[in-house]
Amino acid sequence: MFPKNAWYVACMPDEITGKPLGRQICGEAMVFYRNAEGAAVALEDFCPHRGAPLSLGFVRDGTLVCGYHGLEMGCQGKATGMPGQRVNGFPSIRHYPVIERYGFIWVWPGDAAQADAAKLHHLEWAESSAWAYGGGLYHIRCDYRLMIDNLMDLTHETYVHANSIGQKEIDEAAPKTTSEGDTVTTSRFMENVAAPSFWKMALRGNGLADDVAVDRWQICHFTPPSHVLIEVGVAHAGHGGYHAPADKKASSIVVDFITPETETSIWYFWGMARNFRPDDAALTASIREGQAKIFSEDLEMLERQQQNLLKWPDRKLLKLNIDAGGVMSRRVIDRLLELERVKGESESTSQSAVSRVIPVRAAT
Amino acid sequence: MFPKNAWYVACMPDEITGKPLGRQICGEAMVFYRNAEGAAVALEDFCPHRGAPLSLGFVRDGTLVCGYHGLEMGCQGKATGMPGQRVNGFPSIRHYPVIERYGFIWVWPGDAAQADAAKLHHLEWAESSAWAYGGGLYHIRCDYRLMIDNLMDLTHETYVHANSIGQKEIDEAAPKTTSEGDTVTTSRFMENVAAPSFWKMALRGNGLADDVAVDRWQICHFTPPSHVLIEVGVAHAGHGGYHAPADKKASSIVVDFITPETETSIWYFWGMARNFRPDDAALTASIREGQAKIFSEDLEMLERQQQNLLKWPDRKLLKLNIDAGGVMSRRVIDRLLELERVKGESESTSQSAVSRVIPVRAAT
Amino acid sequence: MFPKNAWYVACMPDEITGKPLGRQICGEAMVFYRNAEGAAVALEDFCPHRGAPLSLGFVRDGTLVCGYHGLEMGCQGKATGMPGQRVNGFPSIRHYPVIERYGFIWVWPGDAAQADAAKLHHLEWAESSAWAYGGGLYHIRCDYRLMIDNLMDLTHETYVHANSIGQKEIDEAAPKTTSEGDTVTTSRFMENVAAPSFWKMALRGNGLADDVAVDRWQICHFTPPSHVLIEVGVAHAGHGGYHAPADKKASSIVVDFITPETETSIWYFWGMARNFRPDDAALTASIREGQAKIFSEDLEMLERQQQNLLKWPDRKLLKLNIDAGGVMSRRVIDRLLELERVKGESESTSQSAVSRVIPVRAAT
């Protein structure tokens with residue numbers, strides 16, 4: 001169960017350079033490409049002629065061409081041509097609203113009529129030259145909510161990432177979780193601790209001593225449908241921690257865009273945005289490499305946890321104080337799902353069949 | 001759904017040299033081997049002793065011996081011996097009629113009583129020394145009818161095989177489809193076009209200039225249950241095309257024997273028969289290599305198309321003029337399936353259980 | 001269907017050195033490790049906090065720690081600690097009785113209240129310095145009863161192991177099967193035969209001529225739930241065979257502990273115990289290597305037999321005299337299963353849910 005009327009990261013721009021990209025998102029098989037204007041387009045990955053996946057085709061002058069028999073597909077899911085054929089009467093395929101912003105291609109898998117670019121939250125770090133960003137993509141076979149739990153409870157760092165960002169003091173500092181509207185925030189502050197290895201690297205990268213005590217913080221922000229941005233950092237101890245001046249700290253934002261593929265698998269777009277030495281490409285690469293290794297450590301745990309939950313579907317899990325971030329985020333999600341359900345019932349819309357969606361839209 | 005009372009290619013003779021061969025055909029697990037007379041035999045791949053697959057056994061003096069405990073199986077599916085045992089009362093396993101002809105082993109997966117060698121169509125190219133043949137075998141995870149569609153609509157060559165046999169003019173020349181009895185023919189003629197690379201090779205192989213305009217033809221013949229033979233060729237332009245004299249053309253027959261393994265997988269026996277320079281083994285090898293590469297290009301498309309159709313089982317596909325060959329071939333198949341269904345109901349036979357089949361035969 | 005109130009081999013001691021071991025036994029996902037006293041422990045492989053597999057965690061001073069968020073699990077399945085948490089109210093997980101004996105870790109997957117170390121049969125060869133043992137572990141995708149059949153009918157050696165321990169005379173010597181209580185014994189004696197290659201090696205290993213006629217014996221002992229010990233050997237012909245003096249024979253015990261993983265897969269612990277030259281480690285390694293190769297020859301046969309039986313679930317298999325060992329062993333198993341069923345019904349216990357098992361125990 002995932003909200004479908006929401007913006008999800010579909011892919012990174014360099015994934016649709018040249019060839020079309022087939023990717024399943026929220027259970028919908030989609031094909032992504034750029035049209036003649038260079039705008040990203042998302043359609044059902046199904047040629048109305050004989051059912052071939054359009055993602056096996058190619059893009060000719062901004063038009064998606066089926067690689068089986070040459071049907072040309074328009075950006076709205078209506079065939080525009082085919083050698084030797086009149087295509088007017090061909091059935092349409094679904095088209096999905098897309099936005100390219102903040103260095104990502106975003107897609108709206110639900111009701112296109114409700115898609116609104118204004119609903120995409122603002123990401124300052126993605127637009128400012130004071131920030132640098134590096135990241136990557138993992139495919140993980142788990143429910144997207146298990147990844148939200150993971151990110152909204154960073155005590156796991158002590159265990160899963162013991163050699164990089166984990167440290168005993170995370171465990172010992174109780175987190176505080178609050179909620180406002182649809183957002184959930186879990187924060188944890190540690191004072192006068194040793195910096196773990198990843199942060200020593202970041203301190204050095206920022207030109208700071210790495211062998212002195214630090215104040216450390218982690219502030220996790222959940223926003224629907226499944227995005228978690230985490231303000232993280234260390235400051236030389238006693239200079240105000242999170243509020244320390246820039247020359248006393250190394251801080252950044254851990255970026256987590258979690259896109260469901262199916263009920264039990266995700267596309268996990270991870271990265272880190274930092275506001276120090278933004279022009280240092282070597283530092284960006286180094287941080288990216290370190291983060292890739294650290295985040296890969298979660299994969300086996302999440303996939304095996306998923307298998308366990310499928311094996312024991314009736315077991316209740318614990319909801320401790322450290323789980324409050326995940327628990328409250330799931331409440332937000334449940335509320336959105338319920339909204340979609342009620343709205344869906346009252347409109348009797350079906351989002352999986354174009355033919356049925358169109359009359360309904362005409363009727364509203 | 002596939003007709004079971006029909007001859008299908010089971011394997012090539014060199015596949016049953018020495019060891020027995022296990023292969024599933026039309027949902028039936030079979031074992032193939034040669035008996036003492038050298039004749040090919042097909043039996044259920046199930047030892048009546050403990051259920052071991054007989055294909056893991058060996059052939060001793062033309063007798064199939066189970067590799068687990070040494071049961072000796074006769075050509076009719078009746079055990080003929082086992083060390084220390086009396087085998088008279090052992091249950092029989094099913095035996096399938098087999099013909100070796102035209103360079104292939106053919107099997108009849110349905111009711112043995114209806115098997116008739118005369119129902120195997122005649123293949124002149126396979127018996128004449130004026131022809132040479134080379135071919136291979138692919139396993140593809142798709143409904144056999146998707147492969148029939150593929151072969152009865154060669155417009156896909158323009159897209160799937162763009163670098164070898166595809167060319168724009170295929171698209172532009174409308175095909176003509178006719179049906180007579182159980183056979184379907186789709187033909188397409190192109191005049192005064194450039195020869196694509198595969199045909200240039202063939203022209204050179206036939207001692208003809210490859211840099212002149214040609215007339216090109218494709219005449220696809222479907223015959224039940226699922227065989228497609230395609231007359232293809234090019235002639236130097238203006239000499240009569242299909243009817244041009246032998247020294248002005250390079251022509252051949254594309255051979256496609258499509259044997260269902262399951263509802264969604266096939267054994268695809270492909271090859272090419274040619275009537276020029278039949279003794280040139282190097283040319284045969286060269287053509288075979290080229291065809292292997294070209295035909296491998298269809299695999300991903302067909303398997304992904306199959307996955308799409310399973311994902312969207314309710315979507316209607318289009319039936320354009322170019323699809324007429326496939327559509328009409330499916331009508332022939334549907335007619336045969338209906339005949340088998342009606343006949344099956346009236347006889348109440350079951351072809352999957354030997355014990356039930358035998359009394360019925362005795363009763364007729 | 002497997003008896004659950006029985007001792008099964010879970011693992012070898014060197015499998016739980018250092019890291020915990022996750023292994024499914026009789027359908028139960030278990031984690032194995034050593035506690036502070038060095039005793040082997042088996043628990044459900046499920047952290048009650050968030051469902052992570054405990055086998056991904058680590059052992060700290062004999063305490064199993066979850067690798068996700070640091071929950072510390074006690075040997076009885078009760079959480080003993082977690083950073084920043086009170087764990088008193090945490091739900092317990094199941095704990096399984098374990099014995100370490102005879103060089104193996106044994107587990108009781110059923111009702112812990114019925115577990116009794118005295119029910120583990122005595123294995124003299126495992127405790128005496130006059131014997132040496134070498135063995136290994138295979139994972140095989142077949143019903144555990146197919147492996148029992150295999151081992152209680154050694155005529156398969158003639159076919160499956162033709163080049164090592166198989167010989168024609170096995171086939172020709174009728175076996176004799178008897179049953180006493182829950183044990184089943186099948187024996188076969190061959191006189192004045194040539195020794196097959198494995199036994200030539202063993203004769204040489206024992207300092208005996210390998211080029212003379214031998215008397216050979218195989219005495220298979222089944223004991224529940226699924227253990228098969230086979231006395232095997234050869235003696236120089238005419239010295240009494242099985243009863244020949246030690247300096248005229250090479251004999252050993254083939255050890256087979258078959259532990260169901262699921263209904264159609266097993267952990268197969270195989271080995272050989274011998275009472276000649278027990279201190280010759282090189283000979284142990286050589287025999288082990290030979291046996292590993294021989295026993296690997298059964299894998300494909302058993303897995304393919306299993307697939308055949310799943311494909312034809314309604315076919316009856318034959319029960320010949322050579323199958324009597326397997327048939328009678330299955331009768332013992334069926335009797336035990338029926339006992340468990342009746343007992344289970346009368347107590348209304350469920351072994352898969354801790355919460356339901358505990359009150360029942362309290363009530364007794």
# chains A, B, ... in the order shown; residues from 1 in each chain; ligands from 1
>>> interface_residues(of="chain C", to="chain B", cutoff="8 Å", atoms="only C-alpha atoms", output="list of chain:residue names")
C:Thr155, C:His156, C:Thr158, C:Tyr159, C:Val160, C:Asp171, C:Glu172, C:Ala174, C:Met301, C:Leu302, C:Arg304, C:Gln305, C:Asn308, C:Leu309, C:Leu317, C:Leu318, C:Lys319, C:Leu320
>>> write_last_selection(atoms="N, CA and C atoms", output="CSV table (one decimal), in the first residue's frame")
chain,number,residue,atom,x,y,z
C,155,THR,N,20.9,-50.8,-3.9
C,155,THR,CA,21.0,-51.3,-5.3
C,155,THR,C,21.3,-50.1,-6.2
C,156,HIS,N,21.0,-48.9,-5.7
C,156,HIS,CA,21.2,-47.7,-6.6
C,156,HIS,C,22.7,-47.5,-6.8
C,158,THR,N,24.9,-49.5,-7.8
C,158,THR,CA,25.3,-50.1,-9.1
C,158,THR,C,25.2,-49.1,-10.3
C,159,TYR,N,24.2,-48.2,-10.1
C,159,TYR,CA,23.9,-47.3,-11.2
C,159,TYR,C,24.4,-45.9,-11.0
C,160,VAL,N,24.1,-45.4,-9.8
C,160,VAL,CA,24.5,-44.0,-9.5
C,160,VAL,C,26.0,-43.9,-9.2
C,171,ASP,N,23.2,-55.7,-7.2
C,171,ASP,CA,21.9,-56.0,-7.8
C,171,ASP,C,21.5,-57.4,-7.6
C,172,GLU,N,22.4,-58.3,-7.7
C,172,GLU,CA,22.1,-59.7,-7.8
C,172,GLU,C,21.9,-60.4,-6.4
C,174,ALA,N,19.9,-60.4,-3.2
C,174,ALA,CA,18.7,-59.9,-2.6
C,174,ALA,C,18.9,-59.4,-1.2
C,301,MET,N,20.0,-36.8,-9.1
C,301,MET,CA,18.9,-37.8,-9.1
C,301,MET,C,17.8,-37.5,-8.1
C,302,LEU,N,18.1,-37.2,-6.9
C,302,LEU,CA,17.1,-37.0,-5.9
C,302,LEU,C,16.3,-35.7,-6.2
C,304,ARG,N,15.8,-34.3,-9.1
C,304,ARG,CA,15.0,-34.5,-10.3
C,304,ARG,C,13.8,-35.5,-10.0
C,305,GLN,N,14.1,-36.5,-9.2
C,305,GLN,CA,13.0,-37.4,-8.7
C,305,GLN,C,12.0,-36.6,-8.0
C,308,ASN,N,9.8,-34.7,-10.4
C,308,ASN,CA,8.9,-35.6,-11.1
C,308,ASN,C,7.7,-36.0,-10.2
C,309,LEU,N,8.0,-36.2,-8.9
C,309,LEU,CA,6.9,-36.6,-8.0
C,309,LEU,C,5.9,-35.4,-7.8
C,317,LEU,N,4.0,-45.2,-6.6
C,317,LEU,CA,5.3,-45.8,-6.9
C,317,LEU,C,5.3,-47.3,-6.6
C,318,LEU,N,6.2,-48.0,-7.1
C,318,LEU,CA,6.3,-49.5,-6.8
C,318,LEU,C,7.0,-49.7,-5.4
C,319,LYS,N,6.6,-50.8,-4.8
C,319,LYS,CA,7.3,-51.1,-3.5
C,319,LYS,C,7.8,-52.6,-3.7
C,320,LEU,N,9.0,-52.7,-4.3
C,320,LEU,CA,9.6,-54.0,-4.5
C,320,LEU,C,10.3,-54.5,-3.2
>>> select_by_dssp(residues="segment 115-293 of chain B", states="strand (DSSP E)", output="ChimeraX atom specification")
/B:132-140,176-180,183-193,214-223,227-236,249-262,265-274
>>> residues_around(residues="Ala117 of chain B", least_positions_apart="6", cutoff="9 Å", atoms="only C-alpha atoms", output="PyMOL selection string")
chain B and resi 7+98-99
>>> atom_distance(atom1="atom CA of Val107 of chain A", atom2="atom CA of Glu180 of chain A")
25.4 Å
>>> atom_distance(atom1="atom CA of Ala281 of chain A", atom2="atom CA of Ile16 of chain A")
23.2 Å
>>> atom_distance(atom1="atom CA of Glu263 of chain B", atom2="atom CA of Arg23 of chain A")
26.4 Å
>>> residues_around(residues="Gly27 of chain B", least_positions_apart="2", cutoff="10 Å", atoms="only C-alpha atoms", output="PyMOL selection string")
chain B and resi 1-2+4+23-25+29-30+109+260-263+265+352
>>> residues_around(residues="segment 208-222 of chain A", least_positions_apart="2", cutoff="7 Å", atoms="only C-alpha atoms", output="MDAnalysis selection string")
chainID A and resid 152 183:195 200 203:204 206 224 227:237 241:242 329
>>> select_by_dssp(residues="segment 151-220 of chain C", states="alpha helix (DSSP H)", output="number ranges by chain")
C: 151-152, 157-160, 168-172, 197-205
>>> residues_around(residues="Gly74 of chain B", least_positions_apart="5", cutoff="12 Å", atoms="only C-alpha atoms", output="MDAnalysis selection string")
chainID B and resid 33:36 41:44 47 54 59:66 79:82 87:88 90 92:95
>>> write_last_selection(atoms="C-alpha atoms", output="PDB file, in the first residue's frame")
ATOM      1  CA  TYR B  33      16.675 -42.079 -27.289  1.00  0.00           C
ATOM      2  CA  ARG B  34      17.421 -44.585 -30.047  1.00  0.00           C
ATOM      3  CA  ASN B  35      16.443 -48.246 -29.754  1.00  0.00           C
ATOM      4  CA  ALA B  36      18.413 -51.257 -30.960  1.00  0.00           C
ATOM      5  CA  VAL B  41      11.771 -43.426 -29.323  1.00  0.00           C
ATOM      6  CA  ALA B  42       9.821 -41.065 -27.047  1.00  0.00           C
ATOM      7  CA  LEU B  43       8.518 -42.095 -23.628  1.00  0.00           C
ATOM      8  CA  GLU B  44       7.303 -40.391 -20.522  1.00  0.00           C
ATOM      9  CA  CYS B  47      10.420 -44.477 -14.146  1.00  0.00           C
ATOM     10  CA  LEU B  54      14.585 -41.909 -17.187  1.00  0.00           C
ATOM     11  CA  VAL B  59      21.054 -46.617 -23.253  1.00  0.00           C
ATOM     12  CA  ARG B  60      22.529 -50.117 -23.247  1.00  0.00           C
ATOM     13  CA  ASP B  61      22.316 -51.998 -26.531  1.00  0.00           C
ATOM     14  CA  GLY B  62      19.314 -49.927 -27.532  1.00  0.00           C
ATOM     15  CA  THR B  63      17.485 -50.396 -24.250  1.00  0.00           C
ATOM     16  CA  LEU B  64      16.795 -47.450 -21.985  1.00  0.00           C
ATOM     17  CA  VAL B  65      17.992 -48.216 -18.450  1.00  0.00           C
ATOM     18  CA  CYS B  66      16.943 -46.158 -15.444  1.00  0.00           C
ATOM     19  CA  ALA B  79       9.307 -52.451 -18.388  1.00  0.00           C
ATOM     20  CA  THR B  80      11.249 -55.341 -19.886  1.00  0.00           C
ATOM     21  CA  GLY B  81      13.572 -56.181 -17.042  1.00  0.00           C
ATOM     22  CA  MET B  82      15.110 -55.231 -13.725  1.00  0.00           C
ATOM     23  CA  VAL B  87       8.449 -56.835 -14.160  1.00  0.00           C
ATOM     24  CA  ASN B  88       5.288 -58.212 -15.708  1.00  0.00           C
ATOM     25  CA  PHE B  90       4.785 -53.077 -13.476  1.00  0.00           C
ATOM     26  CA  SER B  92       3.383 -48.892 -18.105  1.00  0.00           C
ATOM     27  CA  ILE B  93       4.366 -45.379 -18.934  1.00  0.00           C
ATOM     28  CA  ARG B  94       3.156 -43.451 -21.916  1.00  0.00           C
ATOM     29  CA  HIS B  95       4.858 -43.798 -25.230  1.00  0.00           C
TER      30      HIS B  95
END
>>> residues_around(residues="Ser128 of chain A", least_positions_apart="4", cutoff="10 Å", atoms="only C-alpha atoms", output="list in words")
Leu123, Glu124, Ala132, Asn275 and Pro278 of chain A
